[in-house]
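This report refers to the structure that appears directly beneath it.
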Amino acid sequence: MPFVLNMLRTLALFSLIILSSIAAFAQTGYLVGTVKDEKGRPIEIATIAVEGSAIGTVSNVQGEYSLSVPTVKITVVYSLVGYLKQSFPLLLKDGEVKRLDIVLKKESTTLEGVTVTDTKDPGVIKLDVRKAVLLPGDPFSGVEALIKTFVGTNNELTSQYNVRGGNYDENLVYVNDFEIYRPFLTRSGQQEGMSFINADLVSGVNFSVGGFQAKYGDKMSSVLDVDYKRPKEFGGRVMASLLGVSASLEGASKNEKLTYLVGLRQKSNQYLLKSQPTKGVYNPSFTDIQGLINYRFNAKWESEILANYARNRFQFYPEEATSSFGLINKALQLRVIYEGSEIDQFDSRFAGWSTTYHATDKLKLKLLASGFQTNEQETYDINGEYLLGELETDLGKENFGQVKYSLGTGMIHTFARNYLKVNVGNLAHRGSYAGSLHFVQWGLDANITDINDKLHEWERRDSARFTQPYQEDKLELTRVYNSASTFNYMRYAGFIQDNFRFNDSLGLTLSLGVRFNYSTLNNEFLISPRGQVSYKPEWEKDIVFKLAGGLYQQPPFYREMRDLDGNVNKDLKAQKSFHTVAGAEYNFKAVNRPFKFTTEVYYKGLWDIVPYEYDNIRIRYFGQNSAIGYAYGGEVRLYGDIVKDATSWISLGVMKTEEDVTNDRIIKSTETENPEDPSGPPITNVDTIFPGYIPRPTDQRFMVGMYFEDYFPKWKNYKMHLNLMYASGLPFGPPDKARYGDTLRLPDYKRVDIGFSALVLNGAKHPNQKALRSFENIWISAEVFNLLGIQNTLSYSWIQDMTTNQTYAVPNRLTSRLINVKLVVDF
């Protein structure tokens, strides 16, 4: 009860601050005008905003706008995707009306690279990924590939990412205000398929790495907020590569009231998987189709529908695998011959509808309804017979590099029949009010979740004709999961926040907000106050200081509830964290080129957290709120035109995250001689050792990511793109359900990808040739994945030899060097 009272007092305090700040500033001026294109046509939904604040509006169907602005020195920015941004300094008197009629010019359609800038909010990176399709890497995860250069990675086969000590399940993803879910049973990057986000349809991305605002949901690590395009005319893109094909179309009606986007993607990473150490027949097929339709009835009403269907199939018939590992003077080799197969099916459907009412130029009300359904099946029955041997390392021997003697033989038999159906329905309201110095936002959500899960999975190991673990009187499997769960529950959430700027010359902008969450499953009520502040002093140098903090509490979803044995803990409480983030942003010019330097430090206190272990990319939770922990670190990033007109960046981060599993203990027994009876039985001493803090599975101490772009001096349309990633190794341990043993380290992750692209056709240069001018651009590129051929390690298989009772950790490698070619056609 005292806790609830304290939370209510906190809520009342934040509400009082917001309301009092709204009433504190009254002096305003008024900006009116029109926004048109170069042909004099009115531009609808162009953004008119006060730089460094949350004050803004959009133009209506006639291109008209009106905006209340503070009576201080400001800069007004006019922008719209596909047009060049324009900025104007302004200083109005109280009650003054100023008219500005703006003409926006279209951007060039020639590839100019990827633009990356930070917004004024702490921890937020704004990505422009319209041209990301030409960057080296998986063409179906362009957004996530960019994110990994900022936060690090240790697995190129997945589109998932860890942020500041959090895991995959702690990341929020929104597309046009709809929350997006990812598959649940996916165990490896080979099965995963494609990210929901289709980069060909994206207009803008905001990525928050911590300390995010109250308007975003209840997870602990990051927010990926994606906006899809609202096209003005017909166009599209076709991409073909050795990894798959994609096509997208976009367009609008004559009066631009109706706009549409359609994207179709077909991925088959069979070519990529052939470079895997495990040889066999891979038959992966991943298909998805997305559509977005927006209709503006009039200047006040508009409606939007977003739909997606993803069909993922993965069939695998393994044949054999050979892994060599060890030291120069003691090299080992594991050879496995397989029988059996794996057949997985992941089908997901999403549909969302929203309607927006622009009551005035200041007040906007939005209603959203969405549904998500996934039907997942993971089935495999694979028997692998292995031979573990020591290799000859003497260069003078004829059998150099061959097995000189066997260390053991055995068999590993794995079996699974796992089925999962999840249905999620959501009804939500969003609202905003743009005052002269304030931008107030609020929202309410009602969410129903229905889960039907059947888990049946086991593993049997046999070595030297003994099943492990060996029992004289019974046959015992190495591990067994067998459970079934069916349940549903409701969750309610809401928030209110105010972004406001003080009426003085301090350049101070604040965001204060609070959100609540209640779940009928565990009857837990959560209140999370959050705040952000940015300060831009009146210095000659363009520097902005940022600070953020608040509570971030993550209610459990199904994955966290299920423990290592498959049992579901419906009483599991939310994992909780407190974020503190401080940073600065410095914009400057060097050699007459723009650069941006950002730096941030952060601390996260964690409690009621659920310990977990990684099984490839699947997370297996312990199902109990049995740990406390922390994460702290710092990041620096430099963006700029190292080569003129070619944007590059580098990101460095250091981080430490640890946890203390409170019910984790080591029981150690020792025997000593009985001093009173030396010839009698020894005395048994039992000691209990508490391991204390140990590294979390995401404890990546250091990372550096870099993207570099260059071109031939006289031929800018012949470009080179270089991605570089280095990340220190993650903790791991034997699969024994004991977290205190997971203190070993994977080898550091090192990878370099390079791509060369050429613009073979620019339609704008052929105005008199109808066939050619119908194309905007045609690009062709060649890429080399893992240029240095480094054998990165994802995880280890544990092989035990019963004859010597010794256990060996055999590395599971990631992809080797691979060449890809790609064709991109824009029209």
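Labeling convention for the structure tokens: chains A, B, ... as they appear, residues from 1 per chain, ligands from 1 in order of appearance.
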
Write out as a ChimeraX atom specification each polymer residue whose atoms come within 10 Å of region 385-387 of chain A, counting only C-alpha atoms; drop sequence neighbours fewer than 5 positions from it.
/A:320-322,333-339,403,406-413,461-463,799

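Note that DSSP on the backbone gives alpha helix (DSSP H) to these residues of region 589-809 of chain A: A:Lys770, A:Ala771, A:Leu772, A:Arg773.
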
Save out the residues we just selected, C-alpha atoms, as a PDB file, in the first residue's frame.
ATOM      1  CA  LYS A 770      10.827   7.607 -73.589  1.00  0.00           C
ATOM      2  CA  ALA A 771      12.036   4.092 -72.820  1.00  0.00           C
ATOM      3  CA  LEU A 772      14.971   5.323 -70.748  1.00  0.00           C
ATOM      4  CA  ARG A 773      13.393   8.286 -68.959  1.00  0.00           C
TER       5      ARG A 773
END

Pick the closest to Asn723 (chain A) from A:Leu146, A:Val440, A:Ala416, A:Val245: which is it, counting only C-alpha atoms?
A:Leu146

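Proximity of A:Asn592, A:Asn768, A:Ser248, A:Thr698 to Val643 (chain A), computed with only C-alpha atoms, is greatest for A:Asn592.
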
As JSON, numbers by chain, please: every residue in region 578-799 of chain A that a backbone DSSP assignment puts in strand (DSSP E).
{"A": [578, 579, 580, 581, 582, 583, 584, 585, 586, 587, 588, 589, 590, 593, 594, 595, 596, 597, 598, 599, 600, 601, 602, 603, 604, 605, 606, 607, 608, 609, 612, 613, 614, 615, 618, 619, 620, 621, 627, 628, 629, 630, 631, 632, 633, 634, 635, 636, 637, 638, 639, 640, 641, 642, 643, 646, 647, 648, 649, 650, 651, 652, 653, 654, 655, 656, 657, 658, 659, 660, 661, 666, 667, 668, 669, 670, 671, 672, 683, 684, 685, 686, 687, 688, 689, 693, 694, 695, 702, 703, 704, 705, 706, 707, 708, 709, 710, 711, 712, 715, 716, 717, 718, 719, 720, 721, 722, 723, 724, 725, 726, 727, 731, 732, 744, 745, 749, 750, 751, 752, 753, 754, 755, 756, 757, 758, 759, 760, 761, 762, 777, 778, 779, 780, 781, 782, 783, 784, 785, 793, 794, 795, 796, 797, 798, 799]}

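Closest approach to Val824 (chain A) among A:Asp347, A:Glu613, A:Asp200, A:Glu96: A:Asp200, based on only C-alpha atoms.
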
Might you pull out every residue within 12 Å of Tyr518 (chain A), with only C-alpha atoms counted and same-chain residues fewer than 5 positions away left off, and present them as an mmCIF file with N, CA and C atoms, in the first residue's frame?
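File around30.cif, as written:
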data_model
loop_
_atom_site.group_PDB
_atom_site.id
_atom_site.type_symbol
_atom_site.label_atom_id
_atom_site.label_comp_id
_atom_site.auth_asym_id
_atom_site.auth_seq_id
_atom_site.Cartn_x
_atom_site.Cartn_y
_atom_site.Cartn_z
ATOM 1 N N ASP A 218 6.218 -0.432 -22.903
ATOM 2 C CA ASP A 218 6.778 -0.905 -21.644
ATOM 3 C C ASP A 218 7.812 -1.994 -21.878
ATOM 4 N N LEU A 444 -4.182 5.702 -24.720
ATOM 5 C CA LEU A 444 -4.760 4.600 -23.949
ATOM 6 C C LEU A 444 -4.749 3.355 -24.824
ATOM 7 N N ASP A 445 -4.466 2.196 -24.208
ATOM 8 C CA ASP A 445 -4.419 0.925 -24.935
ATOM 9 C C ASP A 445 -5.153 -0.154 -24.154
ATOM 10 N N ALA A 446 -5.869 -1.006 -24.884
ATOM 11 C CA ALA A 446 -6.435 -2.237 -24.328
ATOM 12 C C ALA A 446 -5.966 -3.388 -25.209
ATOM 13 N N ASN A 447 -5.350 -4.379 -24.595
ATOM 14 C CA ASN A 447 -4.688 -5.441 -25.350
ATOM 15 C C ASN A 447 -5.137 -6.797 -24.816
ATOM 16 N N ILE A 448 -5.552 -7.696 -25.702
ATOM 17 C CA ILE A 448 -5.903 -9.059 -25.306
ATOM 18 C C ILE A 448 -4.949 -10.027 -25.989
ATOM 19 N N TYR A 489 -5.284 -13.301 -21.445
ATOM 20 C CA TYR A 489 -5.328 -12.249 -20.444
ATOM 21 C C TYR A 489 -5.451 -10.897 -21.124
ATOM 22 N N MET A 490 -5.821 -9.894 -20.335
ATOM 23 C CA MET A 490 -5.952 -8.519 -20.809
ATOM 24 C C MET A 490 -4.847 -7.660 -20.204
ATOM 25 N N ARG A 491 -4.458 -6.651 -20.950
ATOM 26 C CA ARG A 491 -3.483 -5.692 -20.457
ATOM 27 C C ARG A 491 -3.936 -4.288 -20.859
ATOM 28 N N TYR A 492 -3.874 -3.378 -19.908
ATOM 29 C CA TYR A 492 -4.286 -1.997 -20.138
ATOM 30 C C TYR A 492 -3.095 -1.078 -19.894
ATOM 31 N N ALA A 493 -2.960 -0.071 -20.747
ATOM 32 C CA ALA A 493 -1.835 0.849 -20.612
ATOM 33 C C ALA A 493 -2.263 2.235 -21.055
ATOM 34 N N GLY A 494 -1.518 3.233 -20.608
ATOM 35 C CA GLY A 494 -1.790 4.605 -21.007
ATOM 36 C C GLY A 494 -0.641 5.513 -20.634
ATOM 37 N N ASN A 523 -2.208 -9.339 -12.035
ATOM 38 C CA ASN A 523 -2.794 -8.237 -11.253
ATOM 39 C C ASN A 523 -1.738 -7.230 -10.785
ATOM 40 N N GLU A 524 -0.757 -6.970 -11.645
ATOM 41 C CA GLU A 524 0.296 -6.024 -11.294
ATOM 42 C C GLU A 524 0.007 -4.674 -11.946
ATOM 43 N N PHE A 525 0.041 -3.624 -11.138
ATOM 44 C CA PHE A 525 -0.183 -2.261 -11.606
ATOM 45 C C PHE A 525 1.136 -1.505 -11.560
ATOM 46 N N LEU A 526 1.527 -0.941 -12.709
ATOM 47 C CA LEU A 526 2.831 -0.285 -12.830
ATOM 48 C C LEU A 526 2.655 1.181 -13.203
ATOM 49 N N ILE A 527 3.446 2.038 -12.605
ATOM 50 C CA ILE A 527 3.514 3.448 -12.969
ATOM 51 C C ILE A 527 4.970 3.797 -13.261
ATOM 52 N N SER A 528 5.191 4.420 -14.436
ATOM 53 C CA SER A 528 6.556 4.686 -14.891
ATOM 54 C C SER A 528 6.708 6.149 -15.281
ATOM 55 N N GLN A 553 9.555 -0.502 -17.111
ATOM 56 C CA GLN A 553 9.113 -1.761 -16.520
ATOM 57 C C GLN A 553 8.458 -2.603 -17.610
ATOM 58 N N GLN A 554 8.910 -3.840 -17.744
ATOM 59 C CA GLN A 554 8.508 -4.700 -18.853
ATOM 60 C C GLN A 554 7.629 -5.841 -18.349
ATOM 61 N N PRO A 555 6.302 -5.755 -18.560
ATOM 62 C CA PRO A 555 5.429 -6.871 -18.172
ATOM 63 C C PRO A 555 5.806 -8.132 -18.932
ATOM 64 N N PRO A 556 5.647 -9.291 -18.313
ATOM 65 C CA PRO A 556 6.080 -10.532 -18.970
ATOM 66 C C PRO A 556 5.188 -10.905 -20.144
ATOM 67 N N LYS A 573 6.214 -11.443 -12.373
ATOM 68 C CA LYS A 573 6.060 -9.995 -12.327
ATOM 69 C C LYS A 573 6.885 -9.329 -13.429
ATOM 70 N N ALA A 574 6.650 -8.060 -13.615
ATOM 71 C CA ALA A 574 7.383 -7.287 -14.624
ATOM 72 C C ALA A 574 8.842 -7.139 -14.229
#

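With distances restricted to only C-alpha atoms, A:His358 is the closest residue to Ala434 (chain A) from A:Lys366, A:Arg559, A:His358, A:Lys404.
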
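Distances here use only C-alpha atoms; by that measure, the residue among A:Asn308, A:Ser774, A:Gln266, A:Asn482 closest to Ser348 (chain A) is A:Asn308.
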
Do a neighbour search on Leu606 (chain A) at 7 Å with only C-alpha atoms, toss out local chain neighbours closer than 2 positions, and write the hits as a PyMOL selection string.
chain A and resi 576-578+604+609+628-630

So that I have them on file, write out the residues from the current selection with C-alpha atoms, as a tab-separated table (two decimals), in the first residue's frame.
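Written file, result_11.tsv:
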chain	number	residue	atom	x	y	z
A	576	LYS	CA	12.08	-3.36	-13.83
A	577	SER	CA	14.83	-0.88	-14.59
A	578	PHE	CA	15.81	2.72	-13.97
A	604	LYS	CA	20.67	1.15	-15.75
A	609	ILE	CA	14.76	-9.50	-13.71
A	628	ILE	CA	19.04	-8.05	-9.69
A	629	GLY	CA	21.60	-6.36	-11.87
A	630	TYR	CA	23.01	-3.30	-13.55

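The nearest approach to Gly513 (chain A) among the residues A:Phe212, A:Val35, A:Ser222, A:Glu398, with only C-alpha atoms taken into account, belongs to A:Phe212.
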
Could you pull the residues within 10 Å of Asn685 (chain A), counting only C-alpha atoms, minus those fewer than 4 positions along the same chain, as a PDB file with N, CA, C and O atoms, in the first residue's frame?
ATOM      1  N   LYS A 668      29.248 -27.260  -1.985  1.00  0.00           N
ATOM      2  CA  LYS A 668      30.553 -27.903  -2.121  1.00  0.00           C
ATOM      3  C   LYS A 668      30.801 -28.820  -0.929  1.00  0.00           C
ATOM      4  O   LYS A 668      30.731 -28.383   0.233  1.00  0.00           O
ATOM      5  N   SER A 669      31.066 -30.059  -1.231  1.00  0.00           N
ATOM      6  CA  SER A 669      31.323 -31.056  -0.167  1.00  0.00           C
ATOM      7  C   SER A 669      32.788 -31.448  -0.171  1.00  0.00           C
ATOM      8  O   SER A 669      33.372 -31.701  -1.238  1.00  0.00           O
ATOM      9  N   THR A 670      33.392 -31.474   0.999  1.00  0.00           N
ATOM     10  CA  THR A 670      34.777 -31.925   1.153  1.00  0.00           C
ATOM     11  C   THR A 670      34.849 -32.920   2.304  1.00  0.00           C
ATOM     12  O   THR A 670      34.037 -32.878   3.244  1.00  0.00           O
ATOM     13  N   GLU A 671      35.820 -33.827   2.226  1.00  0.00           N
ATOM     14  CA  GLU A 671      36.011 -34.830   3.273  1.00  0.00           C
ATOM     15  C   GLU A 671      37.367 -34.625   3.930  1.00  0.00           C
ATOM     16  O   GLU A 671      38.374 -34.405   3.246  1.00  0.00           O
ATOM     17  N   THR A 672      37.367 -34.664   5.237  1.00  0.00           N
ATOM     18  CA  THR A 672      38.602 -34.523   6.007  1.00  0.00           C
ATOM     19  C   THR A 672      38.710 -35.672   6.983  1.00  0.00           C
ATOM     20  O   THR A 672      37.714 -36.303   7.369  1.00  0.00           O
TER      21      THR A 672
END

What does the distance from CA of Val77 (chain A) to CA of Leu104 (chain A) come to in Å, to one decimal?
11.3 Å

Coordinates-based distance that separates CA of Asp288 (chain A) from CA of Asn312 (chain A) (Å, one decimal)
8.2 Å

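Proximity to Ser511 (chain A) at 6 Å, evaluated using only C-alpha atoms and with sequence-adjacent residues fewer than 5 positions away removed, yields Asp498, Asn499, Gly531 and Gln532 of chain A.
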
Please identify all polymer residues within 12 Å of Val76 (chain A), counting only C-alpha atoms, omitting same-chain residues fewer than 2 positions from it, and present them as a PyMOL selection string.
chain A and resi 31-32+47-57+67-70+72-74+78-79+85-92+100+102

Could you dump the residues just selected with C-alpha atoms as a CSV table (one decimal), in the first residue's frame?
chain,number,residue,atom,x,y,z
A,31,LEU,CA,2.9,32.1,-38.7
A,32,VAL,CA,0.7,31.5,-41.7
A,47,THR,CA,5.9,19.5,-41.8
A,48,ILE,CA,6.3,23.0,-40.4
A,49,ALA,CA,8.2,22.8,-37.1
A,50,VAL,CA,10.2,25.0,-34.7
A,51,GLU,CA,13.7,23.5,-34.6
A,52,GLY,CA,14.8,22.1,-31.3
A,53,SER,CA,11.2,21.9,-29.9
A,54,ALA,CA,8.1,19.8,-30.3
A,55,ILE,CA,6.1,22.7,-31.8
A,56,GLY,CA,4.8,22.0,-35.3
A,57,THR,CA,2.0,21.4,-37.7
A,67,LEU,CA,1.3,27.8,-36.5
A,68,SER,CA,1.5,29.5,-33.1
A,69,VAL,CA,5.1,30.2,-32.2
A,70,PRO,CA,6.9,31.6,-29.2
A,72,VAL,CA,11.8,34.4,-29.0
A,73,LYS,CA,14.5,33.7,-31.6
A,74,ILE,CA,13.6,30.5,-33.4
A,78,TYR,CA,9.8,23.1,-43.7
A,79,SER,CA,10.3,19.5,-44.7
A,85,LYS,CA,14.5,20.9,-46.3
A,86,GLN,CA,14.3,24.7,-45.9
A,87,SER,CA,15.0,26.7,-42.7
A,88,PHE,CA,14.2,30.3,-41.8
A,89,PRO,CA,15.2,32.3,-38.7
A,90,LEU,CA,12.3,34.2,-37.1
A,91,LEU,CA,11.5,36.6,-34.2
A,92,LEU,CA,7.9,37.7,-33.8
A,100,LEU,CA,5.7,32.8,-45.3
A,102,ILE,CA,7.4,28.3,-49.3

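Counting from CA of Leu787 (chain A), the distance to CA of Ile754 (chain A) is 6.9 Å.
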